[in-house]
Structures are given as structure tokens and as C-alpha cells.
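K.L.:
So here's work-v7.txt (compact mmCIF, C-alpha atoms).
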```txt
# COMPACT_ATOMS: atom_id res chain seq x y z
CA MET A 1 29.42 124.21 -170.50
CA ALA A 2 29.79 127.23 -168.25
CA ALA A 3 28.74 129.60 -171.02
CA GLU A 4 25.51 127.67 -171.60
CA LEU A 5 24.69 127.72 -167.90
CA GLN A 6 25.40 131.41 -167.71
CA LYS A 7 23.20 131.97 -170.71
CA GLY A 8 20.46 130.02 -168.94
CA LEU A 9 20.84 132.25 -165.87
CA HIS A 10 20.62 135.34 -168.06
CA GLN A 11 17.41 134.02 -169.56
CA ILE A 12 15.98 133.69 -166.08
CA LEU A 13 17.03 137.29 -165.37
CA GLN A 14 15.23 138.47 -168.49
CA LYS A 15 12.07 136.55 -167.71
CA VAL A 16 11.70 137.69 -164.10
CA ASP A 17 10.74 141.28 -163.60
CA GLY A 18 13.08 143.16 -161.27
CA LEU A 19 15.68 140.43 -160.84
CA TYR A 20 19.15 141.90 -161.20
CA GLY A 21 21.51 139.07 -160.39
CA ILE A 22 21.93 135.41 -159.46
CA ILE A 23 25.11 134.25 -157.73
CA LEU A 24 26.12 130.77 -156.66
CA SER A 25 29.02 130.79 -154.20
CA ASP A 26 30.57 128.56 -151.57
CA ARG A 27 30.53 129.13 -147.83
CA ASP A 28 33.62 131.34 -147.98
CA GLY A 29 32.18 133.61 -150.64
CA VAL A 30 34.09 132.29 -153.65
CA THR A 31 31.86 132.65 -156.70
CA ILE A 32 31.00 129.44 -158.52
CA LEU A 33 28.62 130.80 -161.14
CA LYS A 34 26.98 134.19 -161.53
CA ALA A 35 24.92 136.30 -163.87
CA HIS A 36 23.81 139.89 -163.41
CA VAL A 37 22.39 142.67 -165.54
CA ASP A 38 24.51 145.62 -166.70
CA PRO A 39 27.80 145.23 -164.88
CA PRO A 40 27.57 147.78 -162.07
CA PRO A 41 30.17 150.51 -162.01
CA SER A 42 32.85 150.32 -159.36
CA SER A 43 31.49 153.32 -157.50
CA PRO A 44 28.50 152.35 -155.37
CA SER A 45 27.10 155.83 -155.43
CA SER A 46 26.97 156.30 -159.19
CA PRO A 47 23.49 157.23 -160.40
CA GLY A 48 21.43 154.60 -162.16
CA SER A 49 23.35 151.60 -160.86
CA PRO A 50 20.87 148.97 -159.75
CA PHE A 51 23.00 147.68 -156.91
CA PRO A 52 26.46 148.27 -155.47
CA GLU A 53 29.27 146.22 -156.90
CA SER A 54 30.37 145.26 -153.38
CA ILE A 55 27.57 142.69 -153.27
CA LEU A 56 29.45 140.60 -155.79
CA ARG A 57 32.60 140.46 -153.66
CA VAL A 58 33.84 137.68 -151.40
CA ASN A 59 33.53 139.80 -148.24
CA PHE A 60 29.80 140.21 -148.61
CA LEU A 61 29.00 136.74 -149.84
CA ALA A 62 30.97 135.11 -147.02
CA THR A 63 28.88 136.78 -144.33
CA PHE A 64 25.84 134.68 -145.10
CA SER A 65 27.33 131.36 -144.02
CA THR A 66 28.13 132.79 -140.59
CA ALA A 67 24.74 134.47 -140.32
CA THR A 68 22.80 131.36 -141.25
CA GLU A 69 24.79 129.15 -138.89
CA GLN A 70 24.19 131.50 -135.98
CA ALA A 71 20.55 131.93 -136.93
CA SER A 72 20.13 128.15 -136.81
CA LYS A 73 20.98 128.25 -133.09
CA LEU A 74 17.96 130.35 -132.14
CA GLY A 75 15.92 127.30 -131.33
CA MET A 76 13.72 127.38 -134.44
CA GLY A 77 15.53 124.76 -136.44
CA ARG A 78 17.81 125.16 -139.41
CA ASN A 79 17.81 128.55 -141.08
CA GLU A 80 16.90 128.17 -144.76
CA LYS A 81 16.65 131.66 -146.24
CA ILE A 82 17.51 135.22 -145.28
CA ILE A 83 15.86 138.20 -146.93
CA SER A 84 17.53 141.59 -146.60
CA ILE A 85 15.54 144.55 -147.90
CA TYR A 86 17.32 147.84 -148.46
CA GLN A 87 16.22 151.24 -149.73
CA LYS A 88 16.49 150.44 -153.41
CA PHE A 89 16.96 146.70 -153.68
CA GLN A 90 16.56 143.42 -151.84
CA ILE A 91 18.80 140.42 -151.41
CA ILE A 92 17.54 136.89 -150.91
CA GLN A 93 20.00 134.21 -149.89
CA PHE A 94 19.32 130.50 -149.72
CA ASN A 95 21.13 128.16 -147.38
CA LYS A 96 22.17 125.23 -149.52
CA LEU A 97 25.47 124.80 -147.71
CA PRO A 98 28.13 124.25 -148.80
CA VAL A 99 26.59 126.29 -151.64
CA VAL A 100 24.96 129.69 -151.13
CA VAL A 101 22.48 131.08 -153.66
CA THR A 102 22.15 134.86 -153.70
CA LEU A 103 19.44 136.72 -155.59
CA ILE A 104 19.63 140.48 -156.08
CA ALA A 105 16.42 142.21 -157.08
CA LYS A 106 14.82 145.59 -156.97
CA LYS A 107 13.02 146.52 -153.81
CA ASP A 108 9.47 146.04 -155.10
CA ALA A 109 10.15 142.82 -156.99
CA ASN A 110 7.90 139.86 -156.22
CA THR A 111 9.66 138.39 -153.21
CA GLY A 112 7.31 135.44 -152.93
CA PHE A 113 7.92 134.52 -156.55
CA LEU A 114 11.67 134.72 -156.05
CA LEU A 115 11.46 132.60 -152.90
CA THR A 116 9.55 129.78 -154.54
CA THR A 117 9.77 129.66 -158.31
CA ILE A 118 13.36 130.74 -158.70
CA GLU A 119 14.44 128.29 -156.04
CA GLU A 120 12.69 125.52 -157.97
CA LEU A 121 14.25 126.62 -161.23
CA LEU A 122 17.75 126.58 -159.78
CA GLY A 123 17.19 123.35 -157.83
CA PRO A 124 18.82 120.84 -160.22
CA LEU A 125 21.81 123.11 -160.81
CA VAL A 126 22.33 123.66 -157.08
CA ILE A 127 22.18 119.92 -156.37
CA ALA A 128 24.79 119.21 -159.04
CA VAL A 129 27.08 122.00 -157.83
CA ARG A 130 26.74 120.94 -154.18
CA LYS A 131 28.20 117.54 -154.92
CA ASP A 132 31.32 119.07 -156.46
CA VAL A 133 31.78 121.63 -153.71
CA SER A 134 31.32 119.02 -150.98
CA ALA A 135 33.87 116.78 -152.66
CA TYR A 136 36.28 119.72 -152.88
CA TYR A 137 35.86 120.59 -149.20
CA ASN A 138 36.28 116.96 -148.15
CA SER A 139 39.47 116.55 -150.18
CA HIS A 140 40.73 119.93 -148.97
CA LEU A 141 40.20 118.95 -145.34
CA LEU A 142 41.82 115.60 -145.98
CA ASN A 143 44.91 117.23 -147.44
CA ALA A 144 45.02 119.75 -144.60
CA GLY A 145 44.83 116.91 -142.08
CA GLU A 146 47.61 115.00 -143.76
CA SER A 147 49.85 118.02 -143.94
CA MET B 148 -6.20 116.46 -90.34
CA LYS B 149 -2.52 115.73 -90.28
CA ILE B 150 -0.54 115.04 -93.36
CA MET B 151 2.14 112.42 -92.76
CA GLY B 152 3.84 112.98 -96.03
CA CYS B 153 3.52 112.32 -99.67
CA CYS B 154 5.62 110.74 -102.26
CA PHE B 155 5.26 110.39 -105.94
CA SER B 156 7.30 109.22 -108.85
CA CYS B 157 7.58 110.69 -112.31
CA LYS B 158 7.44 108.52 -115.35
CA ASP B 159 10.57 108.60 -117.48
CA ASP B 160 10.29 111.58 -119.83
CA ASP B 161 12.12 109.83 -122.64
CA ASP B 162 9.08 107.70 -123.39
CA ALA B 163 6.74 110.69 -123.56
CA GLN B 164 9.01 112.86 -125.66
CA GLY B 165 10.28 110.12 -127.93
CA GLY B 166 13.87 110.32 -126.67
CA GLU B 167 14.29 114.07 -127.37
CA THR B 168 16.53 116.10 -125.10
CA SER B 169 14.89 118.55 -122.70
CA GLU B 170 15.90 120.73 -119.78
CA ARG B 171 14.89 117.96 -117.34
CA GLN B 172 17.07 115.28 -118.82
CA GLN B 173 19.93 114.20 -116.60
CA LEU B 174 23.31 114.98 -118.05
CA LEU B 175 25.22 112.44 -116.01
CA ARG B 176 24.10 109.04 -114.88
CA ASP B 177 23.50 108.67 -111.17
CA PRO B 178 26.63 106.94 -109.78
CA VAL B 179 24.73 105.63 -106.74
CA SER B 180 22.15 103.75 -108.69
CA ASN B 181 24.63 102.60 -111.27
CA SER B 182 24.22 98.85 -111.35
CA THR B 183 26.95 98.10 -113.86
CA PRO B 184 30.11 96.49 -112.47
CA VAL B 185 33.23 98.64 -112.23
CA VAL B 186 36.27 97.32 -114.02
CA ARG B 187 39.57 98.83 -112.90
CA VAL B 188 41.86 99.37 -115.86
CA PRO B 189 45.51 99.05 -114.74
CA ASN B 190 47.67 102.23 -114.93
CA SER B 191 44.66 104.40 -115.66
CA ASP B 192 43.85 107.79 -114.20
CA SER B 193 41.62 107.51 -111.17
CA ARG B 194 39.46 110.41 -112.37
CA SER B 195 38.43 108.64 -115.52
CA SER B 196 37.33 105.25 -114.36
CA VAL B 197 36.14 102.96 -117.06
CA THR B 198 32.94 101.10 -116.45
CA ALA B 199 31.85 98.05 -118.32
CA GLY B 200 28.51 98.08 -120.06
CA PRO B 201 26.03 95.21 -120.24
CA ASP B 202 27.86 93.70 -123.17
CA GLY B 203 31.25 93.94 -121.51
CA GLN B 204 32.59 96.82 -123.66
CA PRO B 205 34.24 99.83 -121.89
CA VAL B 206 31.99 102.94 -121.56
CA ARG B 207 33.22 106.57 -121.78
CA GLY B 208 34.18 107.96 -118.42
CA GLN B 209 32.94 110.99 -116.61
CA GLU B 210 35.71 113.17 -118.04
CA ASP B 211 34.80 112.34 -121.61
CA GLU B 212 31.15 112.92 -120.85
CA LEU B 213 31.85 116.37 -119.46
CA GLN B 214 33.99 117.13 -122.49
CA ARG B 215 31.18 116.12 -124.79
CA ILE B 216 28.72 118.30 -122.92
CA LEU B 217 31.17 121.21 -123.13
CA GLN B 218 31.56 120.81 -126.86
CA GLU B 219 27.83 120.63 -127.43
CA THR B 220 27.27 123.74 -125.35
CA ALA B 221 30.00 125.63 -127.20
CA SER B 222 28.54 124.70 -130.58
CA ALA B 223 25.08 125.78 -129.50
CA MET B 224 26.29 129.18 -128.31
CA ILE B 225 25.56 132.15 -130.54
CA ASP B 226 28.77 134.06 -131.19
CA VAL B 227 29.05 136.69 -133.90
CA SER B 228 32.22 138.33 -132.62
CA GLY B 229 34.51 136.30 -134.84
CA SER B 230 32.39 136.60 -137.97
CA GLY B 231 34.70 138.94 -139.87
CA SER B 232 37.98 137.32 -139.05
CA HIS B 233 37.97 134.57 -141.68
CA SER B 234 39.43 135.63 -145.01
CA LEU B 235 40.91 133.69 -147.87
CA ASP B 236 44.32 134.49 -149.21
CA GLN B 237 44.63 135.37 -152.85
CA ARG B 238 46.31 132.09 -153.83
CA GLU B 239 43.59 129.94 -152.32
CA PHE B 240 40.89 132.16 -153.79
CA GLN B 241 42.31 131.75 -157.28
CA GLU B 242 42.79 128.02 -156.82
CA ARG B 243 39.19 127.57 -155.76
CA SER B 244 37.87 129.74 -158.58
CA ARG B 245 39.83 127.71 -161.09
CA HIS B 246 38.61 124.46 -159.58
CA TYR B 247 34.97 125.55 -159.64
CA LEU B 248 35.29 126.74 -163.23
CA GLN B 249 36.60 123.33 -164.25
CA LYS B 250 33.74 121.60 -162.49
CA ILE B 251 31.14 123.89 -164.02
CA GLN B 252 32.42 123.04 -167.48
CA THR B 253 31.44 119.42 -166.92
CA LEU B 254 27.83 120.20 -165.96
CA SER B 255 25.03 119.78 -168.44
CA PRO B 256 23.20 122.92 -169.63
CA THR B 257 19.87 121.08 -169.31
CA LEU B 258 20.04 121.60 -165.55
CA LEU B 259 18.46 125.02 -165.97
CA ARG B 260 15.67 124.03 -168.29
CA GLY B 261 12.56 124.17 -166.20
CA HIS B 262 9.57 121.93 -166.72
CA ASN B 263 6.77 123.65 -168.62
CA LEU B 264 3.64 122.69 -166.81
CA LEU B 265 1.31 125.40 -168.09
CA LEU B 266 0.82 125.83 -171.83
CA CYS B 267 3.33 123.06 -172.48
CA ASP B 268 2.07 122.64 -176.04
CA VAL B 269 2.79 126.27 -176.89
CA PRO B 270 6.49 126.75 -177.69
CA ILE B 271 6.77 130.41 -176.76
CA PRO B 272 3.83 131.29 -174.51
CA GLU B 273 5.25 134.70 -173.61
CA LYS B 274 4.93 135.79 -177.22
CA HIS B 275 1.21 135.04 -177.30
CA LEU B 276 0.54 136.42 -173.86
CA ASN B 277 2.26 139.69 -174.73
CA VAL B 278 0.02 140.56 -177.70
CA PRO B 279 -2.20 143.64 -177.29
CA LEU B 280 -5.59 143.09 -175.67
CA LEU B 281 -8.88 142.98 -177.61
CA SER B 282 -10.62 146.27 -178.24
CA GLU B 283 -13.83 147.24 -176.48
CA ASP B 284 -15.78 147.09 -179.76
CA ASP B 285 -14.74 143.49 -180.35
CA LEU B 286 -15.71 142.52 -176.82
CA ASP B 287 -19.14 144.20 -177.25
CA LEU B 288 -19.65 142.40 -180.55
CA MET B 289 -18.82 139.05 -178.99
CA ALA B 290 -21.17 139.68 -176.07
CA TRP B 291 -24.01 140.75 -178.39
CA ALA B 292 -23.52 137.71 -180.66
CA THR B 293 -23.55 135.25 -177.78
CA ASP B 294 -26.71 136.84 -176.36
CA GLU B 295 -28.42 136.53 -179.74
CA ILE B 296 -27.38 132.89 -180.07
CA GLN B 297 -28.64 132.08 -176.59
CA GLU B 298 -31.97 133.74 -177.25
CA ALA B 299 -32.31 131.87 -180.51
CA LEU B 300 -31.60 128.55 -178.82
CA HIS B 301 -34.25 129.17 -176.19
CA SER B 302 -36.83 130.10 -178.84
CA ILE B 303 -36.57 126.82 -180.75
CA ARG B 304 -39.99 125.05 -180.77
CA VAL B 305 -40.97 121.73 -182.34
CA GLU B 306 -44.40 121.73 -184.09
CA HIS B 307 -45.49 118.30 -185.20
CA CYS B 308 -48.05 118.32 -188.01
CA GLU B 309 -48.03 114.65 -189.01
CA ASP B 310 -48.09 111.31 -187.17
CA LEU B 311 -45.16 110.53 -185.00
CA VAL B 312 -44.82 106.94 -186.31
CA VAL B 313 -44.25 106.84 -190.08
CA PRO B 314 -43.77 103.64 -192.17
CA PHE B 315 -40.76 103.88 -194.42
CA GLY B 316 -41.77 103.56 -198.13
CA CYS B 317 -44.05 100.47 -197.84
CA THR B 318 -47.77 99.85 -197.44
CA GLN B 319 -49.31 98.42 -194.33
CA THR B 320 -50.16 95.04 -195.99
CA ALA B 321 -46.60 94.47 -197.13
CA ALA B 322 -45.38 95.21 -193.66
CA LEU B 323 -47.74 92.61 -192.14
CA GLN B 324 -46.69 89.93 -194.66
CA SER B 325 -43.03 90.45 -194.03
CA SER B 326 -43.31 90.30 -190.28
CA PRO B 327 -42.68 86.84 -188.76
CA SER B 328 -45.67 84.90 -187.52
CA PRO B 329 -45.88 84.50 -183.75
```
What's the C-alpha cells form of this structure?
P.N.:
Amino acid sequence: MAAELQKGLHQILQKVDGLYGIILSDRDGVTILKAHVDPPPSSPSSPGSPFPESILRVNFLATFSTATEQASKLGMGRNEKIISIYQKFQIIQFNKLPVVVTLIAKKDANTGFLLTTIEELLGPLVIAVRKDVSAYYNSHLLNAGES
Amino acid sequence: MKIMGCCFSCKDDDDAQGGETSERQQLLRDPVSNSTPVVRVPNSDSRSSVTAGPDGQPVRGQEDELQRILQETASAMIDVSGSGSHSLDQREFQERSRHYLQKIQTLSPTLLRGHNLLLCDVPIPEKHLNVPLLSEDDLDLMAWATDEIQEALHSIRVEHCEDLVVPFGCTQTAALQSSPSP
């Protein structure tokens, strides 16, 4: 029921003021499930686009897993979330490895609300997806070891 | 006054810190004070001598211990130089996407239905919360009406004109006859 889940994500986007996109991806940046408002044009500099399309790509999404792993070595425990605020928008990423949750919102959106309520809303979905992704990684490593 | 010398001993830090690692913890066991018997394994490398533990099982040698320390140090090092080198090839990317799509199809759509804690008896609370606010005139009317009601409640007085105890529809004689004798 991928369409139903995507519809549910779109409903969350409509309810939360300033939230542009929700992306669930794995540690290498491969998108598992995503929903965003008004597909952004390919050019990042086009007027009126809420956020650059490059945020949805594998290259950007894959950087978080490295960043959070390195940040966890700073002696303050495991890194859970990273907030990146830019000129016109902000990105909040949750460490639910092997799943990464990325929220894209406008700069003056309610960051606290996104950090708490949205994380709670997506909790059951993330738990269910994590099981599948972990199983995939385990079987993938097993096959790689055998080969 | 001459000081001959002083000596002191430190209590084992493991008890105080609950077994957590610290900068004062010894990485290698002291070979001099090692009281466990040494068992020579035939045809083994002299650098990695195997010692027997209290239960007779072989313990990792010094070489393995150093290797473990090296691995732990390497994993704890912060290194961002190789962050951009990992990239998936197109075939693997498509295979993973297809796999995830198949898995997503099996998930229930109820996973995203949040629990309504506030206004749970109202089906669409946003609809009611989005209606236009009351006008100033209505608010003034409500305030005036409540003030009038409060004033009226405070001005209620009870004036008793008759006796407080009143027999119900019978004479005093009939009431005495009907009452049981003591």
C-alpha cells in the first residue's frame, strides 16, 4: 500500500505549516518513501522553487549517515538529529539507522514542532521500515561474504 | 622534621566507575603480577604466548590484545576525508529501489494514523478551529449578560413571613393521635 502511505505523508505535509517534504532513505541515500510539495524544477535557481531538487538525490541523502557516524565520536554519545538551516529553508535529519528520515521545511517553520511531533507521527512507519532495511542489509552482507 | 618517605595505594577505579573505561585504565595486564600459569602451546609463535585462565581455557595473547586496541582506536577516530568516495552503481541503486518498493507495498497504511489525544470526539477538529472568530459585539453582549446574572444571583434574599415548621394538611390533634406512644 505504497500509495496509501504516500497519501498519508501528503496529509502530514498539508497539516504542518511550512513543511515541504518528507523523505525516508537508507544509509546510502536510496529513497524508500518520499512525499514533497510541488515537484521542484530541475534548476535550483529557478524563482519560486521552495528547495533545490538536489536535496532529493542520493548524493545529498547519503552524506547524513557519514556525518552522524562521525558526530557520534565527539564524546557526547550517539548523534540523533542534525538540523541544517539555510537562507530560505531548513533540513532536519533523524538518525534511525539503517533508515534516515529527512524533513525539508521553510526557514521559519516551527523547528521544535518538527523535531518532536513529526518524529512521533512517523515513529511506527520508521520502525516497520527499519526491520525490512536491516533484513536487506543483513542478507546483502551475507551474499557478499559468500561470494 | 625529616620525611622518610610515603606510600599510598589507590583503590581500583573499576569499582568506583562501575566498570567504565577511563584514561587511567590499564590497557595490558601487568605480566609481572600475572598469577595465572603459562601453558606453552606446541609449534606456536613465541610472540603470542597463550595463557590459561582460571577455568583452564586459553586467553587471547598480547598480539590479539594490541590488535583489538588498534581497531577500537581506529573506529573512534574522526575521519571525514573519505566521506564522498562511496557511491552506488546504477544497477545496485535500481535493485534496492525495487526491493524497497516491494517491501513498502506490504506495509499497512494505518502506520501513519496518529493517535488523537485532544478533541478525540470531534472528527475534524481543524474545521471547527478554522471558523471565523466571534465579533466584538457578541463578546460584549456575553460579558454584559454574565455580569447581570452574577449581580442578580448576589441580590437574592430570602424573607420568611410564616413559621418555619408547617404541618402538612392535618390538625395538631390528629398528629398527636397518630404518633406512637412512648
K.L.:
Would you mind listing, for every residue of chain A within 7 Å of chain B, the two atoms forming the shortest contact and the distance between them in Å to one decimal, using all atoms listed in the file, sorted by chain and ascending residue number, as a tab-separated table?
P.N.:
```
residue	atom	partner	partner_atom	distance
A:Met1	CA	B:Gln252	CA	4.4
A:Ala2	CA	B:Gln252	CA	5.0
A:Glu4	CA	B:Pro256	CA	5.6
A:Leu5	CA	B:Pro256	CA	5.3
A:Gly8	CA	B:Leu259	CA	6.1
A:Val30	CA	B:Ser244	CA	6.7
A:Thr31	CA	B:Ser244	CA	6.9
A:Ile32	CA	B:Tyr247	CA	5.7
A:Thr66	CA	B:Ser230	CA	6.3
A:Gln70	CA	B:Ile225	CA	5.6
A:Lys73	CA	B:Ala223	CA	6.0
A:Leu121	CA	B:Gly261	CA	5.8
A:Leu122	CA	B:Leu259	CA	6.4
A:Pro124	CA	B:Leu258	CA	5.5
A:Leu125	CA	B:Leu258	CA	5.3
A:Asp132	CA	B:Lys250	CA	7.0
```
K.L.:
Go ahead and save the residues from that selection, with C-alpha atoms, as an mmCIF file, in the frame of the given file.
P.N.:
```cif
data_model
loop_
_atom_site.group_PDB
_atom_site.id
_atom_site.type_symbol
_atom_site.label_atom_id
_atom_site.label_comp_id
_atom_site.auth_asym_id
_atom_site.auth_seq_id
_atom_site.Cartn_x
_atom_site.Cartn_y
_atom_site.Cartn_z
ATOM 1 C CA MET A 1 29.420 124.210 -170.500
ATOM 2 C CA ALA A 2 29.790 127.230 -168.250
ATOM 3 C CA GLU A 4 25.510 127.670 -171.600
ATOM 4 C CA LEU A 5 24.690 127.720 -167.900
ATOM 5 C CA GLY A 8 20.460 130.020 -168.940
ATOM 6 C CA VAL A 30 34.090 132.290 -153.650
ATOM 7 C CA THR A 31 31.860 132.650 -156.700
ATOM 8 C CA ILE A 32 31.000 129.440 -158.520
ATOM 9 C CA THR A 66 28.130 132.790 -140.590
ATOM 10 C CA GLN A 70 24.190 131.500 -135.980
ATOM 11 C CA LYS A 73 20.980 128.250 -133.090
ATOM 12 C CA LEU A 121 14.250 126.620 -161.230
ATOM 13 C CA LEU A 122 17.750 126.580 -159.780
ATOM 14 C CA PRO A 124 18.820 120.840 -160.220
ATOM 15 C CA LEU A 125 21.810 123.110 -160.810
ATOM 16 C CA ASP A 132 31.320 119.070 -156.460
#
```
K.L.:
Can you tell me how far CA of Val133 in chain A sits from CA of Asp28 in chain A, in Å to one decimal?
P.N.:
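Here the two named atoms are 11.4 Å from each other.
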K.L.:
Pick out the residues sitting within 7 Å of Ile82 in chain A, and hand them over as a list in words; count only C-alpha atoms, and ignore anything fewer than 4 positions along from it in its own chain.
P.N.:
Ile92, Gln93 and Phe94 of chain A
K.L.:
Would you mind reading off the distance between CA of Thr63 in chain A and CA of Val129 in chain A, one decimal, in Å?
P.N.:
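Taking CA of Thr63 in chain A as the start and CA of Val129 in chain A as the end point, the length is 20.1 Å.
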K.L.:
So how far away is CA of Leu97 in chain A from CA of Ile127 in chain A, in Å?
P.N.:
10.5 Å
